[in-house]
file model_5.txt (compact mmCIF, C-alpha atoms)
# COMPACT_ATOMS: atom_id res chain seq x y z
CA MET E 1 -19.01 -27.05 -20.00
CA GLU E 2 -20.17 -24.89 -22.88
CA TYR E 3 -20.67 -22.02 -20.48
CA THR E 4 -17.16 -22.51 -19.06
CA LEU E 5 -15.67 -22.33 -22.57
CA LYS E 6 -17.69 -19.18 -23.27
CA ILE E 7 -16.43 -17.30 -20.20
CA LEU E 8 -12.87 -18.60 -20.40
CA PRO E 9 -11.55 -15.87 -22.79
CA LEU E 10 -13.05 -13.12 -20.60
CA LEU E 11 -11.54 -14.55 -17.43
CA PHE E 12 -8.24 -15.09 -19.18
CA GLN E 13 -8.17 -11.41 -20.10
CA GLY E 14 -8.79 -10.58 -16.44
CA LEU E 15 -5.91 -12.85 -15.50
CA LEU E 16 -3.61 -11.00 -17.89
CA VAL E 17 -4.54 -7.69 -16.22
CA SER E 18 -3.74 -9.20 -12.79
CA ILE E 19 -0.40 -10.51 -14.05
CA LYS E 20 0.46 -7.18 -15.68
CA VAL E 21 -0.14 -5.24 -12.46
CA TYR E 22 1.77 -7.90 -10.52
CA LEU E 23 4.84 -7.68 -12.75
CA ILE E 24 4.92 -3.86 -12.70
CA VAL E 25 4.68 -3.89 -8.91
CA VAL E 26 7.35 -6.57 -8.41
CA VAL E 27 9.83 -4.77 -10.67
CA LEU E 28 9.32 -1.41 -8.94
CA ILE E 29 9.48 -2.75 -5.39
CA VAL E 30 13.05 -4.03 -5.50
CA PRO E 31 14.79 -0.63 -5.88
CA VAL E 32 12.38 1.07 -3.45
CA ALA E 33 12.99 -1.54 -0.76
CA VAL E 34 16.78 -1.80 -1.22
CA LEU E 35 17.22 1.99 -1.06
CA ALA E 36 14.87 2.37 1.91
CA ALA E 37 16.60 -0.47 3.77
CA ILE E 38 20.07 1.01 3.24
CA GLY E 39 18.72 4.42 4.28
CA LYS E 40 17.28 2.86 7.41
CA VAL E 41 20.55 1.16 8.33
CA SER E 42 23.05 3.91 7.53
CA GLY E 43 21.21 7.10 6.52
CA PRO E 44 21.21 10.37 8.45
CA ARG E 45 19.00 10.55 11.54
CA ILE E 46 16.22 12.55 9.89
CA LEU E 47 15.97 10.05 7.01
CA LYS E 48 15.86 7.17 9.47
CA LYS E 49 12.94 8.84 11.25
CA ILE E 50 11.03 9.39 8.01
CA LEU E 51 11.62 5.79 6.94
CA PHE E 52 10.52 4.55 10.36
CA LEU E 53 7.25 6.46 9.93
CA TYR E 54 6.88 5.09 6.40
CA THR E 55 7.24 1.42 7.35
CA TRP E 56 5.20 1.87 10.52
CA VAL E 57 2.21 3.46 8.79
CA PHE E 58 2.20 1.23 5.71
CA ARG E 59 2.69 -2.01 7.62
CA GLY E 60 0.31 -1.01 10.40
CA THR E 61 -2.75 -0.20 8.27
CA PRO E 62 -4.74 -2.25 5.72
CA LEU E 63 -3.64 -2.17 2.09
CA LEU E 64 -7.27 -1.59 1.12
CA LEU E 65 -7.39 1.60 3.23
CA GLN E 66 -4.21 2.83 1.54
CA LEU E 67 -5.66 2.00 -1.86
CA PHE E 68 -8.93 3.81 -1.08
CA PHE E 69 -7.02 6.81 0.22
CA ILE E 70 -4.99 7.12 -2.98
CA TYR E 71 -7.92 6.31 -5.26
CA TYR E 72 -10.67 8.39 -3.62
CA ALA E 73 -8.97 11.01 -1.43
CA PHE E 74 -6.05 12.06 -3.66
CA PRO E 75 -8.32 13.61 -6.35
CA TYR E 76 -9.88 15.66 -3.54
CA LEU E 77 -6.36 16.89 -2.67
CA GLY E 78 -5.84 17.83 -6.33
CA ILE E 79 -3.89 14.74 -7.41
CA VAL E 80 -5.73 12.93 -10.20
CA TRP E 81 -4.22 9.62 -11.36
CA SER E 82 -5.53 6.84 -13.56
CA PRO E 83 -6.84 3.78 -11.66
CA LEU E 84 -3.83 1.77 -12.79
CA THR E 85 -1.39 4.38 -11.44
CA CYS E 86 -3.26 4.49 -8.11
CA VAL E 87 -3.09 0.72 -7.80
CA VAL E 88 0.59 0.53 -8.68
CA VAL E 89 1.53 3.35 -6.27
CA ALA E 90 -0.49 1.82 -3.42
CA PHE E 91 0.94 -1.66 -3.97
CA VAL E 92 4.54 -0.51 -4.39
CA LEU E 93 4.38 1.61 -1.21
CA ASN E 94 2.67 -1.13 0.80
CA VAL E 95 4.66 -4.18 -0.26
CA GLY E 96 7.79 -1.99 -0.43
CA ALA E 97 7.38 -1.26 3.29
CA TYR E 98 7.27 -4.97 4.16
CA GLU E 99 10.21 -5.71 1.87
CA THR E 100 12.20 -2.81 3.39
CA GLU E 101 11.93 -4.41 6.81
CA ILE E 102 12.94 -7.82 5.41
CA ILE E 103 16.05 -6.40 3.74
CA ARG E 104 16.93 -4.22 6.73
CA ALA E 105 16.84 -7.27 9.00
CA GLY E 106 18.97 -9.11 6.43
CA ILE E 107 21.61 -6.38 6.33
CA GLU E 108 21.70 -6.14 10.12
CA SER E 109 22.12 -9.92 10.41
CA ILE E 110 25.48 -9.76 8.62
CA ASP E 111 28.35 -10.10 11.10
CA LYS E 112 30.23 -6.93 12.06
CA GLY E 113 33.48 -8.72 11.25
CA GLN E 114 32.56 -8.52 7.56
CA TYR E 115 32.55 -4.70 7.72
CA GLU E 116 35.81 -4.67 9.65
CA ALA E 117 37.50 -7.04 7.20
CA ALA E 118 36.35 -4.90 4.26
CA LYS E 119 37.67 -1.80 6.02
CA ALA E 120 41.00 -3.52 6.66
CA LEU E 121 41.18 -4.27 2.92
CA GLY E 122 40.72 -0.54 2.26
CA MET E 123 37.22 -0.71 0.76
CA THR E 124 34.99 2.36 0.80
CA TYR E 125 31.49 2.17 2.28
CA VAL E 126 29.87 1.80 -1.16
CA GLN E 127 32.33 -0.95 -2.12
CA THR E 128 31.72 -2.79 1.15
CA MET E 129 27.98 -2.65 0.60
CA ARG E 130 28.09 -3.66 -3.05
CA ARG E 131 30.72 -6.39 -2.89
CA ILE E 132 30.43 -7.82 0.63
CA ILE E 133 27.19 -7.01 2.43
CA ILE E 134 24.50 -7.00 -0.28
CA PRO E 135 25.50 -10.34 -1.91
CA GLN E 136 25.32 -12.06 1.48
CA THR E 137 22.10 -10.25 2.35
CA ILE E 138 20.37 -11.38 -0.85
CA ARG E 139 20.86 -15.02 0.06
CA ARG E 140 19.49 -14.48 3.55
CA VAL E 141 16.42 -12.48 2.54
CA LEU E 142 15.47 -14.76 -0.35
CA PRO E 143 13.03 -17.04 1.54
CA ALA E 144 11.13 -14.16 3.15
CA THR E 145 11.12 -12.24 -0.13
CA CYS E 146 9.74 -15.20 -2.10
CA ASN E 147 7.05 -15.60 0.52
CA GLU E 148 6.16 -11.92 0.16
CA ALA E 149 6.07 -12.28 -3.65
CA ILE E 150 3.50 -15.08 -3.40
CA LEU E 151 1.37 -13.08 -0.95
CA THR E 152 1.53 -10.09 -3.29
CA PHE E 153 0.03 -12.09 -6.14
CA LYS E 154 -2.95 -12.99 -3.99
CA ASP E 155 -3.20 -9.37 -2.86
CA THR E 156 -3.63 -8.25 -6.47
CA ALA E 157 -7.24 -9.41 -6.04
CA LEU E 158 -7.76 -6.14 -4.15
CA ILE E 159 -7.55 -4.19 -7.40
CA ALA E 160 -11.06 -5.53 -8.06
CA ALA E 161 -12.13 -2.86 -5.56
CA VAL E 162 -11.28 -0.02 -7.96
CA ALA E 163 -12.46 0.18 -11.55
CA ILE E 164 -9.98 -2.25 -13.09
CA GLY E 165 -11.16 -5.45 -14.78
CA ASP E 166 -8.78 -7.90 -13.15
CA LEU E 167 -9.47 -11.63 -12.75
CA LEU E 168 -11.56 -11.33 -9.59
CA ARG E 169 -13.64 -8.37 -10.77
CA THR E 170 -14.37 -10.07 -14.11
CA ALA E 171 -15.44 -13.25 -12.29
CA LYS E 172 -17.66 -11.33 -9.91
CA GLU E 173 -19.36 -9.42 -12.74
CA LEU E 174 -20.01 -12.67 -14.61
CA VAL E 175 -21.53 -14.22 -11.49
CA THR E 176 -23.79 -11.19 -11.08
CA TYR E 177 -24.88 -11.05 -14.75
CA ASP E 178 -25.31 -14.75 -15.49
CA PHE E 179 -26.35 -15.85 -12.00
CA LYS E 180 -24.02 -18.84 -12.20
CA ILE E 181 -21.27 -19.81 -9.76
CA THR E 182 -18.94 -21.25 -12.42
CA PRO E 183 -16.86 -18.07 -12.96
CA PHE E 184 -15.73 -18.19 -9.31
CA PHE E 185 -14.56 -21.79 -9.74
CA VAL E 186 -12.62 -20.89 -12.87
CA ALA E 187 -11.05 -17.87 -11.14
CA CYS E 188 -10.19 -20.10 -8.18
CA ALA E 189 -8.45 -22.56 -10.53
CA PHE E 190 -6.50 -19.73 -12.21
CA TYR E 191 -5.29 -18.33 -8.89
CA LEU E 192 -4.35 -21.82 -7.66
CA ILE E 193 -2.36 -22.58 -10.80
CA ILE E 194 -0.44 -19.29 -10.68
CA SER E 195 0.30 -19.44 -6.97
CA SER E 196 1.39 -23.09 -7.20
CA ILE E 197 3.73 -22.21 -10.09
CA LEU E 198 5.16 -19.32 -8.04
CA VAL E 199 5.71 -21.63 -5.05
CA GLN E 200 7.56 -24.13 -7.26
CA VAL E 201 9.73 -21.51 -8.98
CA PHE E 202 10.66 -19.79 -5.74
CA SER E 203 11.52 -22.99 -3.89
CA ARG E 204 13.89 -23.91 -6.76
CA LEU E 205 15.43 -20.44 -6.53
CA GLU E 206 15.88 -20.82 -2.77
CA LYS E 207 17.51 -24.22 -3.14
CA LYS E 208 19.89 -22.91 -5.76
CA TYR E 209 21.05 -19.88 -3.79
CA SER E 210 21.18 -21.33 -0.31
CA ILE E 211 24.18 -23.55 -1.20
CA TYR E 212 26.75 -21.22 0.27
CA GLU E 213 25.28 -20.70 3.72
CA MET P 214 -11.69 24.39 16.23
CA ASP P 215 -14.12 23.48 13.45
CA GLN P 216 -11.92 20.52 12.69
CA MET P 217 -12.16 19.34 16.30
CA GLU P 218 -15.93 19.67 16.27
CA TYR P 219 -16.12 17.71 13.03
CA ILE P 220 -14.01 14.92 14.48
CA PHE P 221 -16.30 14.64 17.50
CA LYS P 222 -19.30 14.59 15.19
CA ILE P 223 -18.06 11.64 13.12
CA LEU P 224 -16.37 9.77 15.97
CA PRO P 225 -19.49 7.80 17.06
CA PHE P 226 -19.97 6.48 13.49
CA MET P 227 -16.32 5.51 13.25
CA LEU P 228 -16.53 3.72 16.60
CA SER P 229 -19.56 1.73 15.47
CA GLY P 230 -17.50 0.60 12.47
CA LEU P 231 -14.63 -0.28 14.77
CA LYS P 232 -17.03 -2.36 16.86
CA LEU P 233 -18.00 -4.52 13.88
CA THR P 234 -14.33 -4.92 12.91
CA ALA P 235 -13.52 -6.03 16.47
CA LYS P 236 -16.46 -8.47 16.58
CA ILE P 237 -15.39 -10.19 13.35
CA TYR P 238 -11.78 -10.25 14.56
CA VAL P 239 -12.60 -11.98 17.84
CA ALA P 240 -15.09 -14.40 16.27
CA THR P 241 -12.54 -15.39 13.63
CA LEU P 242 -9.83 -16.10 16.19
CA ILE P 243 -12.21 -18.15 18.33
CA PHE P 244 -12.97 -20.45 15.37
CA ALA P 245 -9.67 -20.41 13.48
CA VAL P 246 -7.39 -21.57 16.33
CA PRO P 247 -9.28 -24.82 17.08
CA ILE P 248 -9.65 -25.50 13.32
CA GLY P 249 -5.91 -25.05 12.88
CA LEU P 250 -5.00 -27.23 15.87
CA LEU P 251 -7.34 -30.09 14.97
CA ALA P 252 -6.42 -30.06 11.28
CA ALA P 253 -2.70 -29.96 12.12
CA VAL P 254 -2.88 -32.98 14.44
CA LEU P 255 -4.93 -34.89 11.84
CA LYS P 256 -2.55 -33.89 9.08
CA VAL P 257 0.36 -35.33 11.04
CA SER P 258 -1.25 -38.52 12.31
CA GLY P 259 -4.72 -38.97 10.80
CA PRO P 260 -5.80 -41.68 8.34
CA GLN P 261 -4.61 -41.34 4.74
CA ILE P 262 -7.96 -40.15 3.35
CA ILE P 263 -8.23 -37.33 5.93
CA LYS P 264 -4.66 -36.29 5.18
CA LYS P 265 -5.59 -35.99 1.50
CA VAL P 266 -8.72 -33.96 2.23
CA LEU P 267 -6.75 -31.65 4.53
CA PHE P 268 -4.02 -31.26 1.92
CA LEU P 269 -6.68 -30.05 -0.52
CA TYR P 270 -8.14 -27.73 2.13
CA THR P 271 -4.86 -25.97 2.95
CA TRP P 272 -3.75 -25.92 -0.69
CA ILE P 273 -6.92 -24.24 -1.96
CA TRP P 274 -7.44 -21.82 0.93
CA ARG P 275 -3.81 -20.73 1.04
CA GLY P 276 -3.45 -20.64 -2.75
CA THR P 277 -6.32 -18.30 -3.58
CA PRO P 278 -6.99 -14.73 -2.48
CA LEU P 279 -9.04 -14.18 0.68
CA LEU P 280 -11.15 -11.68 -1.25
CA LEU P 281 -12.11 -14.34 -3.82
CA GLN P 282 -13.14 -16.62 -0.97
CA LEU P 283 -15.22 -13.87 0.61
CA PHE P 284 -16.94 -13.12 -2.71
CA PHE P 285 -17.51 -16.83 -3.25
CA VAL P 286 -19.29 -17.28 0.07
CA ALA P 287 -21.14 -13.95 0.07
CA PHE P 288 -22.13 -13.68 -3.62
CA GLY P 289 -21.50 -17.15 -5.11
CA LEU P 290 -23.22 -19.45 -2.61
CA PRO P 291 -26.59 -17.59 -2.76
CA VAL P 292 -26.65 -18.43 -6.50
CA ILE P 293 -26.81 -22.13 -5.66
CA GLY P 294 -29.33 -21.54 -2.89
CA ILE P 295 -27.10 -21.26 0.18
CA ARG P 296 -27.86 -18.00 1.92
CA LEU P 297 -25.92 -16.87 4.98
CA SER P 298 -26.19 -13.55 6.80
CA SER P 299 -23.27 -11.34 5.83
CA PHE P 300 -21.86 -11.60 9.35
CA ASN P 301 -21.93 -15.41 9.29
CA ALA P 302 -20.54 -15.53 5.75
CA ALA P 303 -17.65 -13.27 6.78
CA VAL P 304 -16.80 -15.20 9.96
CA LEU P 305 -17.04 -18.54 8.14
CA THR P 306 -14.67 -17.40 5.39
CA TYR P 307 -12.17 -15.70 7.68
CA ALA P 308 -12.13 -18.71 10.03
CA LEU P 309 -11.55 -21.19 7.19
CA ASN P 310 -8.87 -18.98 5.59
CA TYR P 311 -6.93 -18.30 8.79
CA GLY P 312 -7.57 -21.88 9.89
CA ALA P 313 -5.71 -23.08 6.79
CA TYR P 314 -2.70 -20.85 7.49
CA LEU P 315 -2.67 -21.83 11.17
CA THR P 316 -2.92 -25.53 10.21
CA GLU P 317 0.32 -25.27 8.26
CA ILE P 318 2.02 -23.28 11.04
CA PHE P 319 0.97 -25.81 13.71
CA ARG P 320 1.85 -28.78 11.49
CA GLY P 321 5.32 -27.33 10.92
CA GLY P 322 5.64 -26.85 14.69
CA ILE P 323 4.59 -30.42 15.54
CA GLU P 324 6.93 -31.88 12.92
CA SER P 325 9.83 -29.79 14.20
CA ILE P 326 9.73 -31.61 17.55
CA ASP P 327 12.54 -34.13 17.81
CA LYS P 328 11.64 -37.83 17.33
CA GLY P 329 13.45 -38.59 20.57
CA GLN P 330 10.60 -36.89 22.44
CA TYR P 331 8.09 -39.43 21.08
CA GLU P 332 10.44 -42.30 21.87
CA ALA P 333 11.05 -41.08 25.41
CA ALA P 334 7.30 -40.71 25.97
CA LYS P 335 6.76 -44.24 24.67
CA VAL P 336 9.43 -45.60 27.00
CA LEU P 337 7.63 -43.92 29.88
CA GLY P 338 4.49 -45.82 28.86
CA MET P 339 2.44 -42.85 27.62
CA THR P 340 -0.38 -43.40 25.12
CA TYR P 341 -0.45 -41.40 21.86
CA SER P 342 -2.91 -38.82 23.18
CA GLN P 343 -0.93 -38.46 26.42
CA THR P 344 2.27 -37.94 24.43
CA MET P 345 0.58 -35.29 22.33
CA ARG P 346 -1.08 -33.49 25.22
CA ARG P 347 1.76 -33.58 27.75
CA VAL P 348 4.92 -33.61 25.66
CA ILE P 349 4.48 -32.54 22.06
CA ILE P 350 1.78 -29.82 22.14
CA PRO P 351 3.34 -27.78 25.00
CA GLN P 352 6.65 -27.65 23.12
CA THR P 353 4.88 -26.92 19.85
CA ILE P 354 2.98 -23.96 21.31
CA ARG P 355 6.21 -22.21 22.23
CA ARG P 356 7.61 -22.71 18.74
CA VAL P 357 4.51 -21.63 16.82
CA LEU P 358 3.82 -18.58 18.97
CA PRO P 359 5.77 -16.06 16.83
CA PRO P 360 4.19 -16.97 13.46
CA THR P 361 0.74 -17.28 15.07
CA CYS P 362 1.04 -13.82 16.58
CA SER P 363 2.07 -12.42 13.24
CA GLU P 364 -1.03 -13.99 11.65
CA ALA P 365 -3.16 -12.43 14.39
CA VAL P 366 -1.74 -8.99 13.54
CA ASN P 367 -2.36 -9.61 9.81
CA LEU P 368 -5.98 -10.45 10.57
CA VAL P 369 -6.64 -6.90 11.81
CA LYS P 370 -5.60 -5.57 8.43
CA ASP P 371 -7.49 -8.26 6.52
CA THR P 372 -10.75 -7.36 8.27
CA ALA P 373 -10.75 -4.25 6.04
CA LEU P 374 -11.93 -6.52 3.21
CA LEU P 375 -15.33 -6.54 4.94
CA ALA P 376 -15.91 -3.14 3.36
CA LEU P 377 -16.07 -4.80 -0.07
CA LEU P 378 -18.86 -7.10 1.11
CA GLY P 379 -20.91 -4.03 1.94
CA MET P 380 -20.50 -4.51 5.68
CA ALA P 381 -20.26 -1.36 7.78
CA ASP P 382 -16.78 -1.93 9.20
CA LEU P 383 -14.27 0.78 10.09
CA LEU P 384 -13.05 1.19 6.51
CA ARG P 385 -16.48 1.32 4.88
CA ILE P 386 -17.81 3.81 7.43
CA SER P 387 -14.85 6.12 6.87
CA ASN P 388 -15.31 5.74 3.12
CA GLN P 389 -18.99 6.66 3.42
CA ILE P 390 -18.29 9.67 5.61
CA PHE P 391 -15.64 10.82 3.12
CA THR P 392 -18.07 10.50 0.21
CA ARG P 393 -20.83 12.32 2.07
CA ASP P 394 -18.76 15.21 3.44
CA ALA P 395 -15.93 15.39 0.86
CA ASN P 396 -13.54 15.63 3.81
CA ILE P 397 -10.52 13.37 4.22
CA THR P 398 -10.58 13.55 8.04
CA SER P 399 -12.44 10.24 8.28
CA TYR P 400 -9.70 8.47 6.33
CA ILE P 401 -7.02 9.99 8.57
CA LEU P 402 -8.94 8.80 11.63
CA ALA P 403 -9.18 5.31 10.12
CA PHE P 404 -5.40 5.29 9.60
CA ILE P 405 -4.92 6.30 13.24
CA PHE P 406 -7.36 3.66 14.54
CA TYR P 407 -5.75 0.84 12.56
CA LEU P 408 -2.25 2.01 13.57
CA ILE P 409 -3.16 2.10 17.26
CA ILE P 410 -4.73 -1.37 17.15
CA SER P 411 -1.96 -3.05 15.20
CA SER P 412 0.80 -1.36 17.24
CA PHE P 413 -0.97 -2.39 20.43
CA LEU P 414 -1.24 -6.01 19.26
CA VAL P 415 2.41 -6.06 18.16
CA LYS P 416 3.37 -4.90 21.70
CA VAL P 417 1.13 -7.42 23.47
CA PHE P 418 2.29 -10.31 21.29
CA GLY P 419 5.92 -9.22 21.61
CA ASN P 420 5.62 -9.45 25.40
CA LEU P 421 3.88 -12.82 25.12
CA GLU P 422 6.66 -14.17 22.91
CA LYS P 423 9.36 -12.92 25.27
CA ARG P 424 7.65 -14.57 28.21
CA TYR P 425 7.18 -17.97 26.59
CA SER P 426 10.44 -18.27 24.69
CA ILE P 427 12.46 -18.54 27.91
CA TYR P 428 12.69 -22.30 27.84
CA GLU P 429 14.07 -22.82 24.33
call {"tool": "encode", "arguments": {"input": "model_5.txt", "output": "structure tokens"}}
result
Amino acid sequence: MEYTLKILPLLFQGLLVSIKVYLIVVVLIVPVAVLAAIGKVSGPRILKKILFLYTWVFRGTPLLLQLFFIYYAFPYLGIVWSPLTCVVVAFVLNVGAYETEIIRAGIESIDKGQYEAAKALGMTYVQTMRRIIIPQTIRRVLPATCNEAILTFKDTALIAAVAIGDLLRTAKELVTYDFKITPFFVACAFYLIISSILVQVFSRLEKKYSIYE
Amino acid sequence: MDQMEYIFKILPFMLSGLKLTAKIYVATLIFAVPIGLLAAVLKVSGPQIIKKVLFLYTWIWRGTPLLLQLFFVAFGLPVIGIRLSSFNAAVLTYALNYGAYLTEIFRGGIESIDKGQYEAAKVLGMTYSQTMRRVIIPQTIRRVLPPTCSEAVNLVKDTALLALLGMADLLRISNQIFTRDANITSYILAFIFYLIISSFLVKVFGNLEKRYSIYE
């Protein structure tokens, strides 16, 4: 018990690092994914091809490989970033690719009649998107997006692989130094608490916004 | 031409990494599917105490990162005197993790089957295990096929975590070759290998889904 209290502040600091990275990533992903999804649905052919390659490569390969590539291979190509930047870029590109596909499917699921009605009312393409299509899409993509947001929190454990003292890395170092298994249990409890809170919050959100369907 | 020669030189190493990745992948699937099926059936119709234990199992294994679980088994358990070979530790963790996700998928599938199906089976005089085996499970399989396939594709990408346990999988080998030669070719090859495998699996599973979704 004494030992648990001793390591608690250290692990809590690690948790704060995990949460910080998580929040930065979540905030950055939304614009990336919305723009990429719209580009994929109605962009010029060349852009569609590039975005196809983007989602194919980033969804078809492991996040850890992408992280290693940015962290280890980019400096070799002359691009030197701080570990935090590497992590954020890798996560935003990876989760952004999944989210792009979710939003694209959402946009494409909206009935063609909605576009036609908007056109009949004299709306421009941007107006149609902003006032008619996107609001309906948001409601439809919410469950899949919330799911992705919970997965992303668990994925932040991968930042332990680069030199950032997140929750998992702190726990692992404590286990190695003190030769006790307790830090892993505490880390496990922290992750469980956060992911359970996220599940609760998101299911409330889904209930609230699914009224109109 | 030098580039080509270099690729041929490192290819055997990369393939040995790929072999370990494939071994873990297959072993995980072999264990995770029965775990998921059994736990799902017990979660739907087992005794109260088993339901509670299984609730804890799926809650903990789905609520914490796979990497934490891998570290726990590979680095944490030896501290309290439980030593597994790294291969066994990896397969055990992957199987329990994917088993937990599959349990919830299968449970959702079983519970989505209409109550009328149970009643009809009862009227026909079937026992509980007959009802499950002949009526409920066959319908469940068709419904859970899409999410199960998507888990199977995810597993390919999750095997990359092996590299952090110090196991010589595809990712770790390419990382080592990169460090040794200061040449990013090995990373590019790893990207290509993973892309080929996951695209191939997406195709195979897509065909499977098309074939078995006819009856819905």
call {"tool": "closest_residue", "arguments": {"input": "model_5.txt", "among": "P:Ala313, P:Ile350, P:Ile223, P:Met217", "to": "P:Gln389", "atoms": "all atoms listed in the file"}}
result
P:Ile223
call {"tool": "closest_atom_pairs", "arguments": {"input": "model_5.txt", "of": "chain P", "to": "chain E", "cutoff": "8 Å", "atoms": "all atoms listed in the file", "output": "CSV"}}
result
residue,atom,partner,partner_atom,distance
P:Ile273,CA,E:Leu192,CA,6.7
P:Gly276,CA,E:Leu192,CA,5.1
P:Thr277,CA,E:Tyr191,CA,5.4
P:Pro278,CA,E:Lys154,CA,4.7
P:Leu279,CA,E:Lys154,CA,7.8
P:Leu280,CA,E:Ala157,CA,6.6
P:Leu281,CA,E:Leu168,CA,6.5
P:Phe284,CA,E:Lys172,CA,7.5
P:Phe285,CA,E:Phe184,CA,6.5
P:Phe288,CA,E:Val175,CA,7.9
P:Gly289,CA,E:Ile181,CA,5.4
P:Leu290,CA,E:Ile181,CA,7.4
P:Val292,CA,E:Phe179,CA,6.1
P:Ile293,CA,E:Ile181,CA,7.3
P:Val369,CA,E:Pro62,CA,7.9
P:Lys370,CA,E:Pro62,CA,4.4
P:Asp371,CA,E:Pro62,CA,6.7
P:Ala373,CA,E:Pro62,CA,6.3
P:Leu374,CA,E:Leu64,CA,7.1
P:Leu377,CA,E:Ala161,CA,7.0
P:Leu384,CA,E:Leu65,CA,6.6
P:Asn388,CA,E:Phe68,CA,7.9
P:Ala395,CA,E:Tyr76,CA,7.5
P:Ile397,CA,E:Ala73,CA,6.3
P:Tyr400,CA,E:Phe69,CA,6.9
P:Phe404,CA,E:Thr61,CA,6.2
P:Tyr407,CA,E:Thr61,CA,5.3
P:Leu408,CA,E:Gly60,CA,5.1
P:Ser411,CA,E:Gly60,CA,5.7
P:Ser412,CA,E:Gly60,CA,6.9
call {"tool": "closest_residue", "arguments": {"input": "model_5.txt", "among": "E:Val186, E:Leu174, E:Val25, E:Ala149", "to": "E:Val88", "atoms": "all atoms listed in the file"}}
result
E:Val25
call {"tool": "atom_distance", "arguments": {"input": "model_5.txt", "atom1": "atom CA of E:Gly39", "atom2": "atom CA of E:Pro143"}}
result
22.4 Å
call {"tool": "atom_distance", "arguments": {"input": "model_5.txt", "atom1": "atom CA of P:Ala365", "atom2": "atom CA of P:Ile220"}}
result
29.4 Å
call {"tool": "decode", "arguments": {"input": "model_5.txt", "residues": "stretch 417-421 of chain P", "atoms": "all heavy atoms", "output": "PDB file, in the first residue's frame"}}
result
ATOM      1  N   VAL P 417     -10.163 -11.376 -49.385  1.00  0.00           N
ATOM      2  CA  VAL P 417     -10.650 -12.715 -49.042  1.00  0.00           C
ATOM      3  C   VAL P 417     -11.903 -12.623 -48.176  1.00  0.00           C
ATOM      4  O   VAL P 417     -12.911 -13.277 -48.430  1.00  0.00           O
ATOM      5  CB  VAL P 417      -9.553 -13.513 -48.301  1.00  0.00           C
ATOM      6  CG1 VAL P 417     -10.126 -14.796 -47.715  1.00  0.00           C
ATOM      7  CG2 VAL P 417      -8.414 -13.825 -49.238  1.00  0.00           C
ATOM      8  N   PHE P 418     -11.822 -11.771 -47.120  1.00  0.00           N
ATOM      9  CA  PHE P 418     -12.950 -11.657 -46.208  1.00  0.00           C
ATOM     10  C   PHE P 418     -14.154 -11.012 -46.893  1.00  0.00           C
ATOM     11  O   PHE P 418     -15.290 -11.355 -46.600  1.00  0.00           O
ATOM     12  CB  PHE P 418     -12.555 -10.871 -44.958  1.00  0.00           C
ATOM     13  CG  PHE P 418     -11.610 -11.625 -44.073  1.00  0.00           C
ATOM     14  CD1 PHE P 418     -10.552 -10.981 -43.455  1.00  0.00           C
ATOM     15  CD2 PHE P 418     -11.775 -12.980 -43.863  1.00  0.00           C
ATOM     16  CE1 PHE P 418      -9.682 -11.684 -42.632  1.00  0.00           C
ATOM     17  CE2 PHE P 418     -10.907 -13.688 -43.048  1.00  0.00           C
ATOM     18  CZ  PHE P 418      -9.852 -13.031 -42.434  1.00  0.00           C
ATOM     19  N   GLY P 419     -13.889 -10.073 -47.809  1.00  0.00           N
ATOM     20  CA  GLY P 419     -14.972  -9.444 -48.554  1.00  0.00           C
ATOM     21  C   GLY P 419     -15.747 -10.493 -49.352  1.00  0.00           C
ATOM     22  O   GLY P 419     -16.980 -10.506 -49.369  1.00  0.00           O
ATOM     23  N   ASN P 420     -14.995 -11.400 -50.006  1.00  0.00           N
ATOM     24  CA  ASN P 420     -15.649 -12.472 -50.767  1.00  0.00           C
ATOM     25  C   ASN P 420     -16.454 -13.378 -49.849  1.00  0.00           C
ATOM     26  O   ASN P 420     -17.579 -13.766 -50.160  1.00  0.00           O
ATOM     27  CB  ASN P 420     -14.606 -13.305 -51.511  1.00  0.00           C
ATOM     28  CG  ASN P 420     -14.047 -12.567 -52.703  1.00  0.00           C
ATOM     29  OD1 ASN P 420     -14.625 -11.574 -53.150  1.00  0.00           O
ATOM     30  ND2 ASN P 420     -12.917 -13.021 -53.215  1.00  0.00           N
ATOM     31  N   LEU P 421     -15.849 -13.721 -48.703  1.00  0.00           N
ATOM     32  CA  LEU P 421     -16.507 -14.585 -47.724  1.00  0.00           C
ATOM     33  C   LEU P 421     -17.831 -13.972 -47.276  1.00  0.00           C
ATOM     34  O   LEU P 421     -18.861 -14.644 -47.206  1.00  0.00           O
ATOM     35  CB  LEU P 421     -15.573 -14.727 -46.518  1.00  0.00           C
ATOM     36  CG  LEU P 421     -15.684 -15.983 -45.668  1.00  0.00           C
ATOM     37  CD1 LEU P 421     -15.183 -17.171 -46.468  1.00  0.00           C
ATOM     38  CD2 LEU P 421     -14.857 -15.818 -44.407  1.00  0.00           C
TER      39      LEU P 421
END
